[in-house]
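Engineer: Have a look at the structure that comes next, please.
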Amino acid sequence: MKQLSLALLLLASCASPAEQEVIQAAKDKVFPAVVFIKPIVEEYRGGKKERVQVFGSGAIISPEGYIVTNNHVVEKATEIKCVLSDKEEIPATTVGLDPETDLAVIKLDLTARKAKTPLLTATFADARLVREGDLVMAMGAPHGLERSISRGIISSTQRVFDFAPYNLFFQTDAAINPGNSGGPLVNERGEIVGINSRGMRGAENLGFAIP
């Protein structure tokens with residue numbers, strides 16, 4: 001009986017074939033534009049300044065190599081390397097930082113790129129059309145594990161925090177962990193509806209993205 005109950009639970013948790021096709025189609029549109037960002041920051045440890053590798057994510061939004069990510073991913077970076085979908089690692093520079101909204105733009109140094117094929121880019125949806133219950137996928141590099149995707153729904157479109165007075169966050173139960181920051185939250189049409197920003201420590205199924 002326990003084995004039967006477990007089997008039924010697993011079947012109920014699996015996506016239907018039609019939903020799987022939607023997920024795969026959306027993933028295929030955006031995944032090639034997802035970037036694993038590896039900033040180097042300088043920190044004082046034990047009275048000594050050390051170079052420390054941190055992790056984040058981003059999405060290429062133009063053929064010229066512009067990437068959108070979180071401010072907190074790159075604001076302290078002295079050096080930025082980005083791993084593209086073809087595994088090539090190339091440097092990037094910061095273009096703009098906005099601490100108030102926790103958004104940033106960086107740009108790939110395409111002169112250092114070996115591949116000559118055009119960059120694959122992601123497009124934005126109209127975030128005003130997002131509704132609670134919409135299927136979404138969080139893409140990025142949680143805990144430095146690049147090329148990762150998690151599935152969930154929009155739990156709230158109107159989440160407000162005192163520390164971010166200029167943002168209305170999307171709340172989602174798609175897993176957002178450290179390293180996912182800056183990666184895209186994607187709808188079922190393969191469009192970016194938000195930028196993954198933070199999870200909530202000590203809680204499950206509570207992630208937040210910037211519309």
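Residue numbers start at 1 in each chain; chains themselves are named A, B, ... in the order of the structure tokens; ligands are numbered from 1 in the order shown.
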Would you mind listing what lies within 8 Å of range 122-124 of chain A as an MDAnalysis selection string, with only C-alpha atoms counted and same-chain residues fewer than 3 positions away left out?

Structural biologist: chainID A and resid 29:30 33 59:62 191:193

Engineer: Can you tell me which residues surround Arg147 in chain A at a distance of at most 10 Å, considering only C-alpha atoms, apart from same-chain residues fewer than 4 positions away, and format the answer as a PyMOL selection string?

Structural biologist: chain A and resi 31-32+34-36+57+83-85+139-142

Engineer: Show me, as a list in words, the residues that have an atom within 10 Å of Gly199 in chain A when counting only C-alpha atoms, minus same-chain residues fewer than 2 positions from it.

Structural biologist: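 In the requested form, the answer reads Gln171, Thr172, Asp173, Ala175, Ile176, Asn177, Pro178, Asn180, Ser181, Asn196, Ser197, Arg201, Gly202, Ala203, Glu204, Asn205, Leu206, Gly207, Phe208 and Ala209 of chain A.
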
Engineer: For the residues selected in the previous step, produce a file with all heavy atoms as a compact mmCIF listing (two decimals), in the first residue's frame.

Structural biologist:
# COMPACT_ATOMS: atom_id res chain seq x y z
N GLN A 171 6.41 36.95 -6.33
CA GLN A 171 6.72 35.81 -5.46
C GLN A 171 6.46 34.54 -6.24
O GLN A 171 5.45 34.43 -6.93
CB GLN A 171 5.87 35.84 -4.20
CG GLN A 171 6.13 34.67 -3.25
CD GLN A 171 5.18 34.70 -2.07
OE1 GLN A 171 4.82 35.77 -1.57
NE2 GLN A 171 4.77 33.52 -1.62
N THR A 172 7.37 33.57 -6.14
CA THR A 172 7.21 32.31 -6.86
C THR A 172 7.65 31.14 -6.01
O THR A 172 8.47 31.30 -5.10
CB THR A 172 8.04 32.33 -8.17
OG1 THR A 172 7.90 31.07 -8.84
CG2 THR A 172 9.51 32.59 -7.90
N ASP A 173 7.08 29.97 -6.29
CA ASP A 173 7.55 28.76 -5.60
C ASP A 173 8.58 28.01 -6.43
O ASP A 173 9.03 26.94 -6.04
CB ASP A 173 6.38 27.85 -5.21
CG ASP A 173 5.61 27.31 -6.41
OD1 ASP A 173 5.87 27.76 -7.55
OD2 ASP A 173 4.73 26.45 -6.20
N ALA A 175 12.22 27.27 -7.35
CA ALA A 175 13.38 27.38 -6.44
C ALA A 175 14.33 28.49 -6.90
O ALA A 175 14.81 28.48 -8.03
CB ALA A 175 14.11 26.05 -6.38
N ILE A 176 14.58 29.45 -6.00
CA ILE A 176 15.57 30.50 -6.21
C ILE A 176 16.54 30.46 -5.04
O ILE A 176 16.16 30.71 -3.90
CB ILE A 176 14.91 31.88 -6.32
CG1 ILE A 176 14.01 31.95 -7.57
CG2 ILE A 176 15.97 32.98 -6.38
CD1 ILE A 176 13.28 33.26 -7.72
N ASN A 177 17.78 30.10 -5.34
CA ASN A 177 18.81 29.94 -4.33
C ASN A 177 19.97 30.89 -4.62
O ASN A 177 20.04 31.49 -5.70
CB ASN A 177 19.33 28.49 -4.34
CG ASN A 177 18.29 27.50 -3.83
OD1 ASN A 177 18.02 27.43 -2.64
ND2 ASN A 177 17.71 26.73 -4.75
N PRO A 178 20.89 31.06 -3.66
CA PRO A 178 22.08 31.86 -3.94
C PRO A 178 22.78 31.36 -5.20
O PRO A 178 22.98 30.17 -5.38
CB PRO A 178 22.95 31.62 -2.70
CG PRO A 178 21.97 31.34 -1.60
CD PRO A 178 20.86 30.57 -2.26
N ASN A 180 21.34 31.90 -8.17
CA ASN A 180 20.27 32.18 -9.13
C ASN A 180 20.10 33.68 -9.36
O ASN A 180 19.47 34.09 -10.34
CB ASN A 180 18.93 31.62 -8.64
CG ASN A 180 18.68 30.19 -9.03
OD1 ASN A 180 18.47 29.34 -8.18
ND2 ASN A 180 18.70 29.90 -10.33
N SER A 181 20.62 34.48 -8.43
CA SER A 181 20.43 35.92 -8.50
C SER A 181 20.86 36.47 -9.85
O SER A 181 21.96 36.20 -10.32
CB SER A 181 21.24 36.62 -7.41
OG SER A 181 20.74 36.30 -6.13
N ASN A 196 15.42 37.09 -11.26
CA ASN A 196 15.52 36.44 -9.95
C ASN A 196 16.38 37.28 -9.02
O ASN A 196 17.48 37.67 -9.38
CB ASN A 196 16.11 35.04 -10.07
CG ASN A 196 15.32 34.16 -11.02
OD1 ASN A 196 14.10 34.26 -11.10
ND2 ASN A 196 16.01 33.30 -11.74
N SER A 197 15.87 37.52 -7.82
CA SER A 197 16.58 38.44 -6.93
C SER A 197 16.98 37.82 -5.60
O SER A 197 18.10 37.99 -5.14
CB SER A 197 15.73 39.69 -6.67
OG SER A 197 16.39 40.59 -5.82
N ARG A 201 15.53 33.10 3.65
CA ARG A 201 16.28 32.14 4.46
C ARG A 201 15.37 31.45 5.47
O ARG A 201 14.55 32.10 6.12
CB ARG A 201 17.41 32.86 5.20
CG ARG A 201 18.35 31.96 5.96
CD ARG A 201 19.53 32.72 6.50
NE ARG A 201 20.33 33.30 5.42
CZ ARG A 201 21.40 34.07 5.62
NH1 ARG A 201 21.79 34.36 6.86
NH2 ARG A 201 22.08 34.55 4.60
N GLY A 202 15.49 30.13 5.55
CA GLY A 202 14.71 29.36 6.50
C GLY A 202 13.31 29.02 6.02
O GLY A 202 12.54 28.42 6.76
N ALA A 203 12.98 29.40 4.78
CA ALA A 203 11.64 29.12 4.25
C ALA A 203 11.77 28.26 3.00
O ALA A 203 12.80 28.24 2.33
CB ALA A 203 10.92 30.41 3.93
N GLU A 204 10.70 27.55 2.68
CA GLU A 204 10.66 26.74 1.47
C GLU A 204 9.66 27.34 0.49
O GLU A 204 8.64 27.91 0.89
CB GLU A 204 10.26 25.30 1.80
CG GLU A 204 11.27 24.56 2.65
CD GLU A 204 10.87 23.11 2.88
OE1 GLU A 204 9.82 22.71 2.33
OE2 GLU A 204 11.58 22.40 3.62
N ASN A 205 9.98 27.20 -0.81
CA ASN A 205 9.06 27.64 -1.88
C ASN A 205 8.73 29.12 -1.78
O ASN A 205 7.62 29.54 -2.08
CB ASN A 205 7.76 26.82 -1.83
CG ASN A 205 8.01 25.34 -1.95
OD1 ASN A 205 8.92 24.92 -2.67
ND2 ASN A 205 7.22 24.55 -1.26
N LEU A 206 9.72 29.92 -1.38
CA LEU A 206 9.55 31.37 -1.32
C LEU A 206 10.73 32.02 -2.04
O LEU A 206 11.82 32.13 -1.48
CB LEU A 206 9.49 31.87 0.12
CG LEU A 206 8.14 31.77 0.83
CD1 LEU A 206 8.28 32.16 2.30
CD2 LEU A 206 7.10 32.69 0.16
N GLY A 207 10.50 32.40 -3.28
CA GLY A 207 11.51 33.10 -4.05
C GLY A 207 10.91 34.37 -4.60
O GLY A 207 9.68 34.48 -4.74
N PHE A 208 11.76 35.33 -4.94
CA PHE A 208 11.27 36.64 -5.38
C PHE A 208 12.06 37.11 -6.58
O PHE A 208 13.28 36.97 -6.65
CB PHE A 208 11.36 37.64 -4.24
CG PHE A 208 10.62 37.19 -3.00
CD1 PHE A 208 11.29 36.52 -1.99
CD2 PHE A 208 9.26 37.39 -2.87
CE1 PHE A 208 10.62 36.06 -0.86
CE2 PHE A 208 8.57 36.95 -1.75
CZ PHE A 208 9.25 36.28 -0.74
N ALA A 209 11.33 37.69 -7.54
CA ALA A 209 11.94 38.20 -8.77
C ALA A 209 11.44 39.62 -9.01
O ALA A 209 10.32 39.99 -8.64
CB ALA A 209 11.59 37.31 -9.95

Engineer: Give the strand (DSSP E or B) residues of range 7-144 of chain A, as assigned by DSSP on the backbone, as JSON, numbers by chain.

Structural biologist: {"A": [34, 35, 36, 37, 38, 39, 40, 41, 42, 43, 44, 45, 48, 49, 50, 51, 52, 53, 56, 57, 58, 59, 60, 66, 67, 68, 69, 70, 77, 78, 79, 80, 81, 82, 83, 89, 90, 91, 92, 93, 94, 95, 96, 97, 98, 103, 104, 105, 106, 107, 108, 124, 135, 136, 137, 138, 139, 140]}

Engineer: Under the rule that only C-alpha atoms are counted, which of A:Arg51, A:Lys27, A:Lys114, A:Arg128 is the nearest residue to Arg151 in chain A?

Structural biologist: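 Ranked by minimum distance to Arg151 in chain A, first place goes to A:Lys27.
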
Engineer: Just checking: using only C-alpha atoms, which residue out of A:Leu120, A:Ile154, A:Ala104, A:Val52 ends up closest to Gly133 in chain A?

Structural biologist: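 Once distances to Gly133 in chain A are computed over only C-alpha atoms, the minimum belongs to A:Ile154.
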
Engineer: Considering only helix (DSSP H, G or I) as DSSP defines it on the backbone, what residues of range 10-207 of chain A qualify? List them as a ChimeraX atom specification.

Structural biologist: /A:10-13,17-33,71-74,110-112,127-129,142-144

Engineer: In terms of the shortest atom-to-atom distance over only C-alpha atoms, which of A:Val68, A:Ile80, A:Ala115, A:Ile153 is closest to Glu132 in chain A?

Structural biologist: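 When distances to Glu132 in chain A are compared using only C-alpha atoms, the smallest one comes from A:Ile153.
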
Engineer: Figure out the distance between CA of Ser150 in chain A and CA of Ile195 in chain A, please, to one decimal in Å.

Structural biologist: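 Between CA of Ile195 in chain A and CA of Ser150 in chain A the gap works out to 14.0 Å.
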
Engineer: Tell me which of A:Pro118, A:Pro63, A:Pro99, A:Pro17 sits closest to Asn167 in chain A, counting only C-alpha atoms.

Structural biologist: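 Looking only at the distances to Asn167 in chain A, the closest residue turns out to be A:Pro99.
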
Engineer: Give me, as a list of chain:residue names, all polymer residues having an atom no more than 10 Å from Pro91 in chain A, counting only C-alpha atoms and skipping those fewer than 4 positions away in the same chain.

Structural biologist: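 Within the cut-off, the hits are A:Ile37, A:Lys38, A:Pro39, A:Glu79, A:Ile80, A:Lys81, A:Cys82, A:Val83, A:Lys107, A:Leu108, A:Asp109, A:Leu110, A:Thr111, A:Ala112, A:Arg113.
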
Engineer: Hey, can you spit out that residue selection with N, CA, C and O atoms as a compact mmCIF listing (two decimals), in the first residue's frame?

Structural biologist:
# COMPACT_ATOMS: atom_id res chain seq x y z
N ILE A 37 27.60 33.96 -14.25
CA ILE A 37 28.46 35.11 -13.96
C ILE A 37 29.37 34.77 -12.78
O ILE A 37 28.90 34.32 -11.74
N LYS A 38 30.68 35.04 -12.97
CA LYS A 38 31.68 34.71 -11.94
C LYS A 38 32.48 35.96 -11.59
O LYS A 38 33.59 36.15 -12.08
N PRO A 39 31.92 36.82 -10.73
CA PRO A 39 32.67 38.02 -10.34
C PRO A 39 33.76 37.68 -9.32
O PRO A 39 33.63 36.75 -8.53
N GLU A 79 36.58 42.21 -11.15
CA GLU A 79 36.75 41.46 -12.39
C GLU A 79 35.52 40.60 -12.59
O GLU A 79 34.96 40.07 -11.62
N ILE A 80 35.06 40.46 -13.84
CA ILE A 80 33.86 39.66 -14.13
C ILE A 80 34.17 38.73 -15.29
O ILE A 80 34.62 39.16 -16.35
N LYS A 81 33.91 37.45 -15.08
CA LYS A 81 33.97 36.46 -16.16
C LYS A 81 32.57 35.87 -16.33
O LYS A 81 31.85 35.68 -15.35
N CYS A 82 32.22 35.57 -17.58
CA CYS A 82 30.90 35.00 -17.87
C CYS A 82 31.07 33.72 -18.67
O CYS A 82 31.83 33.68 -19.64
N VAL A 83 30.36 32.68 -18.25
CA VAL A 83 30.36 31.42 -18.97
C VAL A 83 29.09 31.36 -19.80
O VAL A 83 27.97 31.40 -19.27
N LYS A 107 28.42 44.11 -19.88
CA LYS A 107 28.60 43.88 -21.32
C LYS A 107 29.77 42.94 -21.55
O LYS A 107 30.86 43.13 -21.01
N LEU A 108 29.52 41.93 -22.38
CA LEU A 108 30.56 40.98 -22.73
C LEU A 108 31.61 41.64 -23.63
O LEU A 108 31.28 42.47 -24.49
N ASP A 109 32.86 41.25 -23.44
CA ASP A 109 33.93 41.68 -24.33
C ASP A 109 33.97 40.71 -25.50
O ASP A 109 34.65 39.68 -25.46
N LEU A 110 33.25 41.03 -26.56
CA LEU A 110 33.10 40.11 -27.68
C LEU A 110 34.39 39.95 -28.48
O LEU A 110 34.53 38.99 -29.25
N THR A 111 35.34 40.86 -28.30
CA THR A 111 36.62 40.70 -28.98
C THR A 111 37.41 39.51 -28.44
O THR A 111 38.29 38.98 -29.11
N ALA A 112 37.06 39.09 -27.22
CA ALA A 112 37.73 37.94 -26.61
C ALA A 112 37.02 36.63 -26.91
O ALA A 112 37.48 35.56 -26.49
N ARG A 113 35.91 36.70 -27.63
CA ARG A 113 35.12 35.50 -27.90
C ARG A 113 35.68 34.74 -29.10
O ARG A 113 35.93 35.32 -30.16

Engineer: CA of Met137 in chain A and CA of Ala164 in chain A are how many Å apart?

Structural biologist: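 Distance reported for this atom pair: 23.2 Å.
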
Engineer: Which residue out of A:Glu19, A:Ala127, A:Thr78, A:Gly182 has the minimum interatomic distance to Glu50 in chain A when only C-alpha atoms are used?

Structural biologist: A:Thr78
